[in-house]
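Chemist: Enclosed is the structure file protein.cif (mmCIF, C-alpha atoms and all ligand atoms).
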```cif
data_start
#
loop_
_atom_site.label_atom_id
_atom_site.label_comp_id
_atom_site.auth_asym_id
_atom_site.auth_seq_id
_atom_site.Cartn_x
_atom_site.Cartn_y
_atom_site.Cartn_z
CA MET E 210 23.28 19.62 10.42
CA ASN E 211 22.71 18.66 6.80
CA PRO E 212 21.25 21.77 5.06
CA ILE E 213 18.35 19.81 3.54
CA LEU E 214 17.41 18.37 6.92
CA SER E 215 17.57 21.77 8.60
CA ARG E 216 15.36 23.32 5.87
CA VAL E 217 12.86 20.45 6.25
CA LYS E 218 12.78 21.03 10.01
CA GLU E 219 12.39 24.78 9.49
CA ILE E 220 9.17 24.35 7.50
CA PHE E 221 7.89 21.41 9.56
CA PRO E 222 4.97 23.47 10.96
CA TYR E 223 3.68 23.68 7.37
CA THR E 224 3.90 19.87 7.02
CA ARG E 225 2.26 19.25 10.39
CA ASP E 226 -0.59 21.73 9.84
CA LEU E 227 -1.36 20.21 6.45
CA ARG E 228 -1.37 16.70 7.85
CA ARG E 229 -3.79 17.80 10.57
CA GLU E 230 -6.03 19.54 8.04
CA PHE E 231 -6.20 16.30 6.01
CA HIS E 232 -6.75 14.34 9.21
CA ARG E 233 -9.79 16.42 10.14
CA CYS E 234 -11.52 15.76 6.82
CA PRO E 235 -10.98 12.10 5.93
CA GLU E 236 -12.70 10.79 2.79
CA LEU E 237 -13.16 7.26 1.47
CA GLY E 238 -11.75 5.98 -1.82
CA PHE E 239 -12.81 7.89 -4.98
CA GLN E 240 -14.64 10.43 -2.78
CA GLU E 241 -11.58 12.51 -1.82
CA PHE E 242 -13.08 15.74 -3.23
CA GLN E 243 -12.24 18.05 -0.34
CA THR E 244 -8.83 16.39 -0.01
CA SER E 245 -8.19 16.99 -3.68
CA LYS E 246 -9.10 20.69 -3.26
CA ILE E 247 -6.53 21.10 -0.48
CA ILE E 248 -3.87 19.46 -2.66
CA ILE E 249 -4.66 21.75 -5.60
CA ARG E 250 -4.77 24.80 -3.32
CA GLU E 251 -1.26 24.08 -2.02
CA LEU E 252 0.24 23.14 -5.41
CA SER E 253 -1.19 26.33 -6.92
CA LYS E 254 0.91 28.39 -4.49
CA LEU E 255 4.10 26.93 -5.96
CA GLU E 256 5.84 28.13 -9.09
CA GLY E 257 6.58 25.97 -12.09
CA PHE E 258 3.93 23.29 -11.69
CA SER E 259 1.33 22.27 -14.24
CA ILE E 260 -1.59 20.63 -12.47
CA GLN E 261 -4.13 18.11 -13.74
CA SER E 262 -7.04 17.18 -11.51
CA GLY E 263 -10.07 14.91 -11.56
CA LEU E 264 -8.10 11.87 -12.71
CA ALA E 265 -9.83 8.66 -11.51
CA GLU E 266 -12.46 10.97 -9.87
CA THR E 267 -10.25 12.78 -7.38
CA GLY E 268 -6.61 12.13 -8.34
CA VAL E 269 -4.17 14.97 -8.95
CA VAL E 270 -0.98 15.01 -11.00
CA ALA E 271 1.45 17.93 -10.83
CA ARG E 272 4.39 18.14 -13.22
CA LEU E 273 7.50 20.14 -12.42
CA PRO E 274 10.04 20.43 -15.24
CA GLY E 275 13.56 20.99 -13.92
CA GLY E 276 16.04 23.49 -15.36
CA LYS E 277 18.45 20.82 -16.64
CA SER E 278 18.05 17.62 -18.60
CA GLY E 279 17.67 14.36 -16.73
CA LYS E 280 15.27 11.58 -15.84
CA THR E 281 11.56 11.77 -15.15
CA ILE E 282 10.70 10.73 -11.63
CA LEU E 283 7.18 9.89 -10.51
CA LEU E 284 6.44 10.31 -6.79
CA ARG E 285 3.24 8.69 -5.65
CA PHE E 286 1.20 9.55 -2.53
CA ASP E 287 -2.13 7.98 -1.58
CA MET E 288 -5.15 10.01 -0.45
CA ASP E 289 -7.90 7.84 1.01
CA ALA E 290 -9.13 7.23 4.54
CA LEU E 291 -10.91 4.21 6.04
CA PRO E 292 -14.38 3.39 7.41
CA VAL E 293 -13.11 3.47 11.02
CA GLN E 294 -14.50 5.48 13.95
CA GLU E 295 -11.57 7.45 15.34
CA ALA E 296 -10.59 6.91 18.98
CA THR E 297 -7.30 8.83 19.26
CA GLY E 298 -8.64 11.73 21.32
CA ALA E 299 -6.44 14.06 19.22
CA ALA E 300 -7.35 17.76 19.05
CA TYR E 301 -7.32 17.42 15.25
CA ALA E 302 -9.44 14.23 15.21
CA SER E 303 -11.70 13.34 12.30
CA GLU E 304 -14.74 15.56 11.96
CA LYS E 305 -16.59 12.85 10.04
CA ALA E 306 -18.36 10.11 11.96
CA GLY E 307 -17.15 6.65 11.04
CA ILE E 308 -14.36 7.79 8.71
CA MET E 309 -10.74 8.18 9.72
CA HIS E 310 -7.24 8.51 8.32
CA ALA E 311 -6.23 5.31 10.09
CA CYS E 312 -3.45 4.30 7.72
CA GLY E 313 -1.36 7.50 7.61
CA HIS E 314 -2.29 8.66 4.10
CA ASP E 315 -2.94 12.13 5.59
CA GLY E 316 0.79 12.16 6.44
CA HIS E 317 1.71 10.90 2.97
CA MET E 318 -0.07 13.83 1.29
CA ALA E 319 1.58 16.33 3.66
CA ILE E 320 4.95 14.71 2.85
CA GLY E 321 4.20 14.95 -0.88
CA LEU E 322 3.19 18.61 -0.76
CA THR E 323 6.18 19.58 1.39
CA THR E 324 8.50 17.71 -0.96
CA ALA E 325 6.93 19.49 -3.94
CA ARG E 326 7.40 22.84 -2.22
CA LEU E 327 11.07 22.25 -1.34
CA LEU E 328 12.06 20.77 -4.70
CA SER E 329 10.36 23.63 -6.56
CA GLU E 330 12.50 26.15 -4.62
CA ASN E 331 15.54 24.91 -6.56
CA ARG E 332 13.86 23.86 -9.77
CA GLN E 333 16.40 25.64 -12.01
CA GLU E 334 19.08 23.33 -10.62
CA LEU E 335 16.87 20.26 -10.85
CA PRO E 336 17.64 17.71 -13.57
CA GLY E 337 14.81 16.05 -15.45
CA GLU E 338 11.13 16.32 -14.61
CA LEU E 339 9.09 15.44 -11.54
CA LYS E 340 5.59 14.08 -11.56
CA PHE E 341 3.79 14.25 -8.23
CA VAL E 342 0.92 11.78 -8.27
CA PHE E 343 -1.80 12.01 -5.61
CA GLN E 344 -3.73 8.77 -5.95
CA PRO E 345 -7.22 8.06 -4.63
CA ALA E 346 -8.53 4.77 -3.28
CA GLU E 347 -5.47 2.78 -2.26
CA GLU E 348 -7.38 0.73 0.32
CA GLY E 349 -8.47 -2.15 -1.88
CA LEU E 350 -10.58 -0.13 -4.33
CA GLY E 351 -8.20 -0.08 -7.29
CA GLY E 352 -7.09 3.58 -7.34
CA ALA E 353 -3.66 2.84 -8.82
CA ARG E 354 -5.10 0.95 -11.78
CA ARG E 355 -7.49 3.77 -12.55
CA MET E 356 -4.72 6.35 -12.31
CA ILE E 357 -2.66 4.26 -14.76
CA ALA E 358 -5.68 4.11 -17.08
CA ALA E 359 -5.91 7.92 -16.74
CA GLY E 360 -2.39 8.14 -18.14
CA ILE E 361 0.04 8.73 -15.24
CA LEU E 362 2.62 6.46 -16.86
CA ARG E 363 2.57 8.37 -20.19
CA ASP E 364 3.60 11.81 -21.50
CA PRO E 365 6.24 11.70 -20.25
CA GLU E 366 6.84 8.12 -19.26
CA PRO E 367 8.59 8.04 -15.86
CA ASP E 368 12.07 6.50 -15.65
CA ILE E 369 11.92 6.03 -11.89
CA ILE E 370 8.97 5.58 -9.52
CA LEU E 371 9.13 6.42 -5.81
CA GLY E 372 6.69 5.86 -2.99
CA LEU E 373 6.69 5.38 0.75
CA HIS E 374 4.57 4.48 3.74
CA LEU E 375 4.74 5.80 7.29
CA TRP E 376 5.07 2.58 9.26
CA ASN E 377 3.81 2.15 12.81
CA GLU E 378 5.15 -1.40 12.97
CA LYS E 379 8.53 0.27 13.54
CA PRO E 380 9.77 3.15 15.73
CA LEU E 381 10.63 6.68 14.71
CA GLY E 382 14.22 6.70 13.42
CA TRP E 383 13.90 3.35 11.64
CA ILE E 384 13.88 3.33 7.82
CA GLY E 385 13.33 0.23 5.68
CA ILE E 386 14.75 0.20 2.14
CA THR E 387 15.02 -3.31 0.73
CA ASP E 388 16.14 -4.68 -2.65
CA GLY E 389 13.69 -6.83 -4.60
CA PRO E 390 10.25 -7.90 -3.38
CA VAL E 391 9.14 -5.95 -0.31
CA MET E 392 5.34 -6.33 -0.21
CA SER E 393 3.53 -9.44 -1.37
CA ALA E 394 1.33 -10.19 -4.31
CA SER E 395 -2.20 -10.75 -3.10
CA GLU E 396 -5.19 -12.67 -4.48
CA THR E 397 -8.49 -13.33 -2.81
CA PHE E 398 -10.48 -16.49 -3.36
CA ARG E 399 -14.04 -17.66 -2.96
CA VAL E 400 -14.59 -21.39 -3.16
CA THR E 401 -18.06 -22.94 -3.28
CA ILE E 402 -18.09 -26.66 -2.41
CA ARG E 403 -21.35 -28.20 -3.56
CA GLY E 404 -22.72 -31.51 -2.32
CA LYS E 405 -26.30 -32.69 -1.88
CA GLY E 406 -28.35 -31.57 1.08
CA GLY E 407 -30.16 -34.02 3.30
CA HIS E 408 -31.17 -35.13 6.77
CA GLY E 409 -28.44 -34.93 9.40
CA GLY E 410 -29.44 -38.39 10.65
CA LYS E 411 -29.18 -39.97 7.18
CA PRO E 412 -25.79 -38.86 5.79
CA HIS E 413 -25.67 -41.79 3.35
CA GLU E 414 -28.53 -40.18 1.40
CA ALA E 415 -26.70 -36.85 1.16
CA ILE E 416 -23.28 -35.67 -0.10
CA ASP E 417 -21.81 -33.73 2.77
CA PRO E 418 -19.98 -30.51 1.76
CA VAL E 419 -19.08 -29.77 5.41
CA VAL E 420 -16.81 -32.81 5.70
CA ALA E 421 -15.38 -32.08 2.24
CA SER E 422 -14.62 -28.48 3.30
CA ALA E 423 -12.82 -29.64 6.42
CA ALA E 424 -10.64 -31.93 4.30
CA VAL E 425 -9.99 -29.16 1.73
CA ILE E 426 -8.91 -26.69 4.43
CA THR E 427 -6.56 -29.23 5.99
CA ALA E 428 -5.10 -30.27 2.62
CA LEU E 429 -4.44 -26.64 1.63
CA GLN E 430 -2.06 -26.27 4.59
CA SER E 431 0.47 -28.60 3.01
CA ILE E 432 0.98 -26.45 -0.12
CA VAL E 433 3.00 -23.77 1.68
CA SER E 434 4.62 -26.13 4.18
CA ARG E 435 5.60 -28.90 1.72
CA GLU E 436 5.84 -27.37 -1.76
CA VAL E 437 7.09 -23.80 -1.41
CA PRO E 438 10.87 -23.69 -0.83
CA PRO E 439 11.45 -22.97 2.89
CA LEU E 440 13.52 -19.84 2.18
CA ASP E 441 10.78 -18.36 0.00
CA SER E 442 7.66 -16.78 1.56
CA ALA E 443 4.03 -17.57 0.91
CA VAL E 444 0.67 -17.61 2.68
CA ILE E 445 -2.63 -19.38 2.06
CA THR E 446 -5.23 -18.32 4.63
CA VAL E 447 -8.81 -19.58 4.69
CA SER E 448 -10.43 -16.78 6.62
CA SER E 449 -14.13 -17.60 6.47
CA ILE E 450 -16.35 -20.70 6.25
CA HIS E 451 -20.06 -20.46 5.74
CA GLY E 452 -22.44 -23.39 5.40
CA GLY E 453 -25.52 -24.84 7.01
CA GLU E 454 -28.21 -23.43 9.27
CA ALA E 455 -29.72 -26.24 11.35
CA HIS E 456 -28.21 -28.93 13.58
CA ASN E 457 -30.06 -31.72 11.77
CA VAL E 458 -29.71 -30.66 8.12
CA ILE E 459 -26.73 -31.34 5.86
CA PRO E 460 -26.42 -28.23 3.67
CA GLU E 461 -26.18 -28.12 -0.12
CA GLU E 462 -23.00 -26.06 -0.13
CA VAL E 463 -20.22 -24.53 1.90
CA ILE E 464 -18.42 -21.30 0.92
CA LEU E 465 -14.81 -20.62 1.86
CA THR E 466 -13.02 -17.30 1.35
CA GLY E 467 -9.46 -16.22 2.01
CA THR E 468 -6.23 -14.85 0.64
CA ILE E 469 -3.13 -16.11 -1.18
CA ARG E 470 0.14 -14.18 -0.88
CA SER E 471 3.56 -14.51 -2.46
CA TYR E 472 6.62 -12.52 -3.55
CA THR E 473 7.72 -14.08 -6.83
CA LYS E 474 5.91 -15.01 -10.04
CA LYS E 475 7.21 -18.58 -9.80
CA THR E 476 5.77 -19.07 -6.32
CA ARG E 477 2.55 -17.30 -7.23
CA ASP E 478 2.04 -19.59 -10.24
CA LEU E 479 2.75 -22.63 -8.06
CA LEU E 480 0.31 -21.52 -5.36
CA LEU E 481 -2.49 -20.74 -7.79
CA SER E 482 -2.22 -23.98 -9.76
CA ARG E 483 -1.85 -26.21 -6.71
CA PHE E 484 -4.66 -24.35 -4.89
CA ARG E 485 -6.99 -25.20 -7.75
CA GLN E 486 -5.84 -28.85 -7.94
CA VAL E 487 -6.15 -29.42 -4.19
CA VAL E 488 -9.59 -27.80 -3.90
CA GLU E 489 -10.99 -29.66 -6.92
CA GLY E 490 -9.23 -32.95 -6.14
CA VAL E 491 -10.16 -33.17 -2.48
CA SER E 492 -13.74 -32.00 -3.15
CA GLY E 493 -14.02 -34.67 -5.87
CA MET E 494 -12.73 -37.34 -3.53
CA HIS E 495 -15.68 -36.47 -1.28
CA LEU E 496 -18.08 -36.61 -4.27
CA CYS E 497 -18.53 -32.82 -4.16
CA ARG E 498 -18.00 -30.24 -6.91
CA ALA E 499 -15.90 -27.14 -6.31
CA GLU E 500 -16.31 -23.77 -8.00
CA LEU E 501 -13.41 -21.33 -7.66
CA GLU E 502 -13.26 -17.59 -8.12
CA ILE E 503 -9.78 -16.13 -7.71
CA GLN E 504 -9.31 -12.38 -7.97
CA GLU E 505 -5.99 -10.60 -8.31
CA ILE E 506 -5.74 -7.76 -5.79
CA SER E 507 -2.21 -6.66 -6.57
CA PRO E 508 1.15 -7.97 -7.75
CA ALA E 509 4.20 -7.85 -5.45
CA VAL E 510 5.93 -4.53 -4.80
CA VAL E 511 9.44 -5.09 -6.16
CA ASN E 512 12.22 -2.57 -5.58
CA ASP E 513 15.02 -1.93 -8.05
CA PRO E 514 18.39 -2.55 -6.30
CA GLY E 515 20.05 0.45 -8.01
CA VAL E 516 17.36 2.93 -6.94
CA ALA E 517 17.22 1.36 -3.45
CA ARG E 518 21.00 1.79 -3.13
CA VAL E 519 20.80 5.52 -3.87
CA LEU E 520 18.01 5.92 -1.31
CA ARG E 521 19.96 3.97 1.33
CA ASN E 522 23.10 6.07 0.75
CA THR E 523 20.98 9.22 1.04
CA ALA E 524 19.40 7.95 4.27
CA ARG E 525 22.82 7.11 5.74
CA GLY E 526 24.08 10.62 4.97
CA LEU E 527 20.99 12.32 6.44
CA PHE E 528 20.50 10.14 9.50
CA PRO E 529 23.85 8.69 10.64
CA GLU E 530 22.27 7.78 14.00
CA GLY E 531 19.16 6.20 12.46
CA GLU E 532 18.44 2.52 12.01
CA LEU E 533 18.57 1.58 8.33
CA ASP E 534 17.00 -1.81 7.66
CA GLU E 535 17.96 -3.41 4.33
CA ASN E 536 16.00 -6.62 4.86
CA TYR E 537 12.51 -5.52 5.84
CA ARG E 538 9.65 -7.23 4.02
CA THR E 539 5.97 -7.62 4.78
CA MET E 540 3.19 -9.91 3.53
CA ALA E 541 0.87 -6.90 3.38
CA SER E 542 0.07 -5.70 -0.14
CA GLU E 543 -0.17 -2.29 -1.82
CA ASP E 544 -1.61 -1.16 -5.12
CA MET E 545 1.61 0.83 -5.64
CA ALA E 546 2.67 -2.53 -7.10
CA PHE E 547 0.74 -1.78 -10.32
CA ILE E 548 2.59 1.52 -10.81
CA LEU E 549 5.98 -0.05 -10.04
CA GLN E 550 5.36 -3.22 -12.05
CA ASP E 551 8.16 -3.84 -14.59
CA ARG E 552 9.62 -0.40 -13.84
CA GLN E 553 12.60 0.91 -11.90
CA GLY E 554 11.69 2.34 -8.57
CA CYS E 555 11.55 1.91 -4.84
CA TYR E 556 8.97 1.83 -2.09
CA CYS E 557 10.34 2.69 1.37
CA PHE E 558 9.01 2.37 4.91
CA ILE E 559 9.48 5.18 7.42
CA GLY E 560 9.22 4.10 11.08
CA SER E 561 6.59 6.29 12.74
CA ALA E 562 5.65 4.67 16.06
CA ASN E 563 6.56 6.26 19.38
CA PRO E 564 5.42 4.05 22.29
CA GLY E 565 6.68 6.65 24.81
CA LYS E 566 4.06 9.08 23.48
CA GLY E 567 1.37 6.40 23.14
CA LEU E 568 1.68 6.52 19.35
CA ASP E 569 2.01 2.84 18.59
CA ALA E 570 -1.44 1.57 17.65
CA LYS E 571 -1.33 -0.43 14.42
CA HIS E 572 -2.55 0.75 11.02
CA HIS E 573 -6.34 0.59 10.51
CA GLN E 574 -7.06 0.59 14.27
CA PRO E 575 -9.34 3.31 15.77
CA ALA E 576 -6.46 4.50 18.01
CA PHE E 577 -3.95 4.69 15.14
CA ASN E 578 -1.76 7.75 15.21
CA PHE E 579 1.89 8.30 14.31
CA ASP E 580 4.74 10.51 15.50
CA GLU E 581 4.58 13.47 13.13
CA ASP E 582 8.39 13.83 13.27
CA ALA E 583 8.49 10.80 10.94
CA MET E 584 7.34 13.16 8.19
CA ILE E 585 10.63 15.07 8.58
CA SER E 586 12.60 11.89 7.78
CA ALA E 587 10.37 11.13 4.80
CA VAL E 588 10.53 14.62 3.26
CA ALA E 589 14.30 14.93 3.77
CA LEU E 590 14.87 11.51 2.21
CA LEU E 591 12.87 12.40 -0.91
CA VAL E 592 14.21 15.94 -1.28
CA ALA E 593 17.80 14.73 -0.98
CA ALA E 594 17.45 11.60 -3.11
CA VAL E 595 15.45 12.97 -6.06
CA PRO E 596 18.23 15.16 -7.57
CA GLU E 597 20.66 12.20 -7.20
CA LEU E 598 18.29 9.87 -9.00
CA SER E 599 17.28 12.26 -11.76
CA GLN E 600 20.80 12.96 -12.99
CA GLY E 601 21.06 11.45 -16.48
ZN ZN D 701 -4.03 0.85 4.85
ZN ZN D 702 -1.74 2.68 3.70
#
```
Translate this structure into structure tokens?
Modeler:
Amino acid sequence: MNPILSRVKEIFPYTRDLRREFHRCPELGFQEFQTSKIIIRELSKLEGFSIQSGLAETGVVARLPGGKSGKTILLRFDMDALPVQEATGAAYASEKAGIMHACGHDGHMAIGLTTARLLSENRQELPGELKFVFQPAEEGLGGARRMIAAGILRDPEPDIILGLHLWNEKPLGWIGITDGPVMSASETFRVTIRGKGGHGGKPHEAIDPVVASAAVITALQSIVSREVPPLDSAVITVSSIHGGEAHNVIPEEVILTGTIRSYTKKTRDLLLSRFRQVVEGVSGMHLCRAELEIQEISPAVVNDPGVARVLRNTARGLFPEGELDENYRTMASEDMAFILQDRQGCYCFIGSANPGKGLDAKHHQPAFNFDEDAMISAVALLVAAVPELSQG
């Protein structure tokens, strides 16, 4: 067996125990205080690290200078849990009512700390410098942006950025490492369509925002189907409509909310400008006024083909029997995108479902749990790839 893989398997009980410790004490975004203490406790046991804590409330950065010259590599792991009531029945289930590690970030931190431990064992041989970033609040709260503001991309500036997600959409043994865009850019919108309220029996005296909304929603469907090139990917979803109270009253306004997703800047620009034109134009045709609020959630996660190639070669060497997927993409989004934006790096997916063991509930579900052996694949991949990538 590959010596890195056998060493990772040898210390797997450490990885698993840590993951379970994190799992027992889940904390929501920017409140990961206990989580942060565990991370610092473990990093403090290792030699060669300088540790900074309290970044963006609870974030931790640990720097490990190698013994040789080379590139600076930033490895990012997210820390937060979700407001979900756990229903896994696991012996190590959440001890906090209504909060659960239902996305696998407990596993990510255990992977990060194990990787830090193994890479520090050979730090004299290690080229360059490593920056382990433990980031709070990935789940839609803006943790990555705040960590960037706290300086994770400076002093020293990283040359390469790495990150990964345990992925229950795919089975244990599967690894997804794709060139180019891999997770979509995401914006949310809130559209208010204003008309003039009135009596339901006398529509000619009112301006009906309900009919205008129906037309807007229908018209929006043709942007993706008729204007985005068929081989590109995009989504416009209207996911809520609110307007009116009574069966005989035409309301003043209707509010629509939803999400817009894309992979490339060109498509994103097209979607955003046409979204605005269609909403305003169709509302106007119905004598209504539209107000739009569009909020950027995150850009697309875009992998550098050179870094992805090194990771794929490493994965092939470590797991000759595994399934390596070079074309996996998802329309989910990740705030890792802000850290990777305009930089070289790669975000990988590590298959973690095991239906035979009942470990195949999807991310964010109360029954979510993953096969802990997936952490072996993740740690081995990082420990083997980092020295390759950091060589001058
Ligand atoms: Zn999540
Ligand atoms: Zn996640």
Chemist: Go through E:Leu322, E:Ile357, E:Leu335, E:Ile384 one by one, measure the shortest atom-to-atom distance of each to Glu532 (chain E) using all atoms listed in the file, and give the residue with the smallest value.
Modeler: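 Looking at the shortest contact to Glu532 (chain E), the residue is E:Ile384.
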Chemist: Select, from E:Val217, E:Ile450, E:Leu373, E:Ala589, the residue with the minimum atom-to-atom distance to ligand ZN 702 (chain D), counting all atoms listed in the file.
Modeler: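 The shortest atom-to-atom distance to ligand ZN 702 (chain D) comes from E:Leu373.
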Chemist: Could you give me the residues within 9 Å of ligand ZN 702 (chain D), counting only C-alpha atoms and all ligand atoms, as a list in words?
Modeler: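 I would give the residues around ligand ZN 702 (chain D) as Asp287, Asp289, Ala290, Ala311, Cys312, Gly313, His314, His317, Glu347, Glu348, His374, Leu375, Trp376, Glu543, His572 and His573 of chain E.
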Chemist: Can you tell me how far CA of Phe221 (chain E) sits from CA of Gly257 (chain E), in Å to one decimal?
Modeler: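 Separation between CA of Phe221 (chain E) and CA of Gly257 (chain E): 22.2 Å.
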Chemist: Would you mind listing what lies within 10 Å of Leu520 (chain E) as a PyMOL selection string, with all atoms listed in the file counted and same-chain residues fewer than 2 positions away left out?
Modeler: chain E and resi 371+386-387+514-518+522-526+555-557+590-591+593-595+597-598
Chemist: Export, as a short mmCIF file (atom, residue, chain, number, x, y, z; two decimals), in the frame of the given file, the selected residues with C-alpha atoms.
Modeler:
```
data_model
loop_
_atom_site.label_atom_id
_atom_site.label_comp_id
_atom_site.auth_asym_id
_atom_site.auth_seq_id
_atom_site.Cartn_x
_atom_site.Cartn_y
_atom_site.Cartn_z
CA LEU E 371 9.13 6.42 -5.81
CA ILE E 386 14.75 0.20 2.14
CA THR E 387 15.02 -3.31 0.73
CA PRO E 514 18.39 -2.55 -6.30
CA GLY E 515 20.05 0.45 -8.01
CA VAL E 516 17.36 2.93 -6.94
CA ALA E 517 17.22 1.36 -3.45
CA ARG E 518 21.00 1.79 -3.13
CA ASN E 522 23.10 6.07 0.75
CA THR E 523 20.98 9.22 1.04
CA ALA E 524 19.40 7.95 4.27
CA ARG E 525 22.82 7.11 5.74
CA GLY E 526 24.08 10.62 4.97
CA CYS E 555 11.55 1.91 -4.84
CA TYR E 556 8.97 1.83 -2.09
CA CYS E 557 10.34 2.69 1.37
CA LEU E 590 14.87 11.51 2.21
CA LEU E 591 12.87 12.40 -0.91
CA ALA E 593 17.80 14.73 -0.98
CA ALA E 594 17.45 11.60 -3.11
CA VAL E 595 15.45 12.97 -6.06
CA GLU E 597 20.66 12.20 -7.20
CA LEU E 598 18.29 9.87 -9.00
#
```
Chemist: Just to confirm, what's the straight-line distance from CA of Glu334 (chain E) to CA of Leu255 (chain E) in Å (one decimal)?
Modeler: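 Taking CA of Glu334 (chain E) as the start and CA of Leu255 (chain E) as the end point, the length is 16.1 Å.
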Chemist: As an exercise, work out the distance from CA of Lys379 (chain E) to CA of Pro235 (chain E) in Å and give it to one decimal place.
Modeler: 24.1 Å
Chemist: Using all atoms listed in the file, what residues lie at most 6 Å away from (-30.2, -29.6, -2.0) (file coordinates), given as a PyMOL selection string?
Modeler: chain E and resi 405-406+461
Chemist: Residues at most 9 Å from Asn211 (chain E), counting all atoms listed in the file, excluding those fewer than 4 positions away in the same chain, as a list in words?
Modeler: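 The filter keeps Ser215, Arg216, Gly526 and Leu527 of chain E.
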Chemist: Could you please take those selected residues and save C-alpha atoms as a PDB file, in the frame of the given file?
Modeler:
```pdb
ATOM      1  CA  SER E 215      17.570  21.770   8.600  1.00  0.00           C
ATOM      2  CA  ARG E 216      15.360  23.320   5.870  1.00  0.00           C
ATOM      3  CA  GLY E 526      24.080  10.620   4.970  1.00  0.00           C
ATOM      4  CA  LEU E 527      20.990  12.320   6.440  1.00  0.00           C
TER       5      LEU E 527
END
```
Chemist: Env of Pro336 (chain E): 9 Å cut, atoms = all atoms listed in the file, seq-sep filter 3 positions within chain, self excluded. Answer as a PyMOL selection string.
Modeler: chain E and resi 274-281+332-333+596-597+599-601
Chemist: From the options E:Glu330, E:Glu502, E:Glu378, E:Glu535, which residue's atoms come nearest to Asn563 (chain E), counting only C-alpha atoms?
Modeler: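 Of E:Glu330, E:Glu502, E:Glu378, E:Glu535, the one nearest Asn563 (chain E) is E:Glu378, counting only C-alpha atoms.
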Chemist: Which polymer residues have any atom within 10 Å of an atom of His310 (chain E), counting all atoms listed in the file, with same-chain residues fewer than 6 positions away left out, as a VMD selection string?
Modeler: chain E and resid 231 to 237 288 to 295 302 to 303 316 572 to 575 577 to 578
Chemist: Can I get the selection written as a PDB file, in the coordinates of the input, with C-alpha atoms?
Modeler:
```pdb
ATOM      1  CA  PHE E 231      -6.200  16.300   6.010  1.00  0.00           C
ATOM      2  CA  HIS E 232      -6.750  14.340   9.210  1.00  0.00           C
ATOM      3  CA  ARG E 233      -9.790  16.420  10.140  1.00  0.00           C
ATOM      4  CA  CYS E 234     -11.520  15.760   6.820  1.00  0.00           C
ATOM      5  CA  PRO E 235     -10.980  12.100   5.930  1.00  0.00           C
ATOM      6  CA  GLU E 236     -12.700  10.790   2.790  1.00  0.00           C
ATOM      7  CA  LEU E 237     -13.160   7.260   1.470  1.00  0.00           C
ATOM      8  CA  MET E 288      -5.150  10.010  -0.450  1.00  0.00           C
ATOM      9  CA  ASP E 289      -7.900   7.840   1.010  1.00  0.00           C
ATOM     10  CA  ALA E 290      -9.130   7.230   4.540  1.00  0.00           C
ATOM     11  CA  LEU E 291     -10.910   4.210   6.040  1.00  0.00           C
ATOM     12  CA  PRO E 292     -14.380   3.390   7.410  1.00  0.00           C
ATOM     13  CA  VAL E 293     -13.110   3.470  11.020  1.00  0.00           C
ATOM     14  CA  GLN E 294     -14.500   5.480  13.950  1.00  0.00           C
ATOM     15  CA  GLU E 295     -11.570   7.450  15.340  1.00  0.00           C
ATOM     16  CA  ALA E 302      -9.440  14.230  15.210  1.00  0.00           C
ATOM     17  CA  SER E 303     -11.700  13.340  12.300  1.00  0.00           C
ATOM     18  CA  GLY E 316       0.790  12.160   6.440  1.00  0.00           C
ATOM     19  CA  HIS E 572      -2.550   0.750  11.020  1.00  0.00           C
ATOM     20  CA  HIS E 573      -6.340   0.590  10.510  1.00  0.00           C
ATOM     21  CA  GLN E 574      -7.060   0.590  14.270  1.00  0.00           C
ATOM     22  CA  PRO E 575      -9.340   3.310  15.770  1.00  0.00           C
ATOM     23  CA  PHE E 577      -3.950   4.690  15.140  1.00  0.00           C
ATOM     24  CA  ASN E 578      -1.760   7.750  15.210  1.00  0.00           C
TER      25      ASN E 578
END
```
Chemist: May I ask you to restore N, CA and C atoms in region 316-322 of chain E and write the result as a JSON list (two decimals), in the coordinates of the input?
Modeler:
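Saved result, rebuild.json, follows:
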```json
[["chain", "number", "residue", "atom", "x", "y", "z"],
["E", 316, "GLY", "N", -0.64, 11.84, 6.36],
["E", 316, "GLY", "CA", 0.79, 12.16, 6.44],
["E", 316, "GLY", "C", 1.46, 12.07, 5.08],
["E", 317, "HIS", "N", 1.08, 11.06, 4.29],
["E", 317, "HIS", "CA", 1.71, 10.90, 2.97],
["E", 317, "HIS", "C", 1.47, 12.13, 2.09],
["E", 318, "MET", "N", 0.23, 12.65, 2.13],
["E", 318, "MET", "CA", -0.07, 13.83, 1.29],
["E", 318, "MET", "C", 0.69, 15.05, 1.79],
["E", 319, "ALA", "N", 0.81, 15.20, 3.12],
["E", 319, "ALA", "CA", 1.58, 16.33, 3.66],
["E", 319, "ALA", "C", 3.06, 16.19, 3.27],
["E", 320, "ILE", "N", 3.57, 14.97, 3.27],
["E", 320, "ILE", "CA", 4.95, 14.71, 2.85],
["E", 320, "ILE", "C", 5.10, 15.08, 1.36],
["E", 321, "GLY", "N", 4.14, 14.67, 0.56],
["E", 321, "GLY", "CA", 4.20, 14.95, -0.88],
["E", 321, "GLY", "C", 4.19, 16.44, -1.18],
["E", 322, "LEU", "N", 3.31, 17.17, -0.50],
["E", 322, "LEU", "CA", 3.19, 18.61, -0.76],
["E", 322, "LEU", "C", 4.41, 19.37, -0.25]]
```
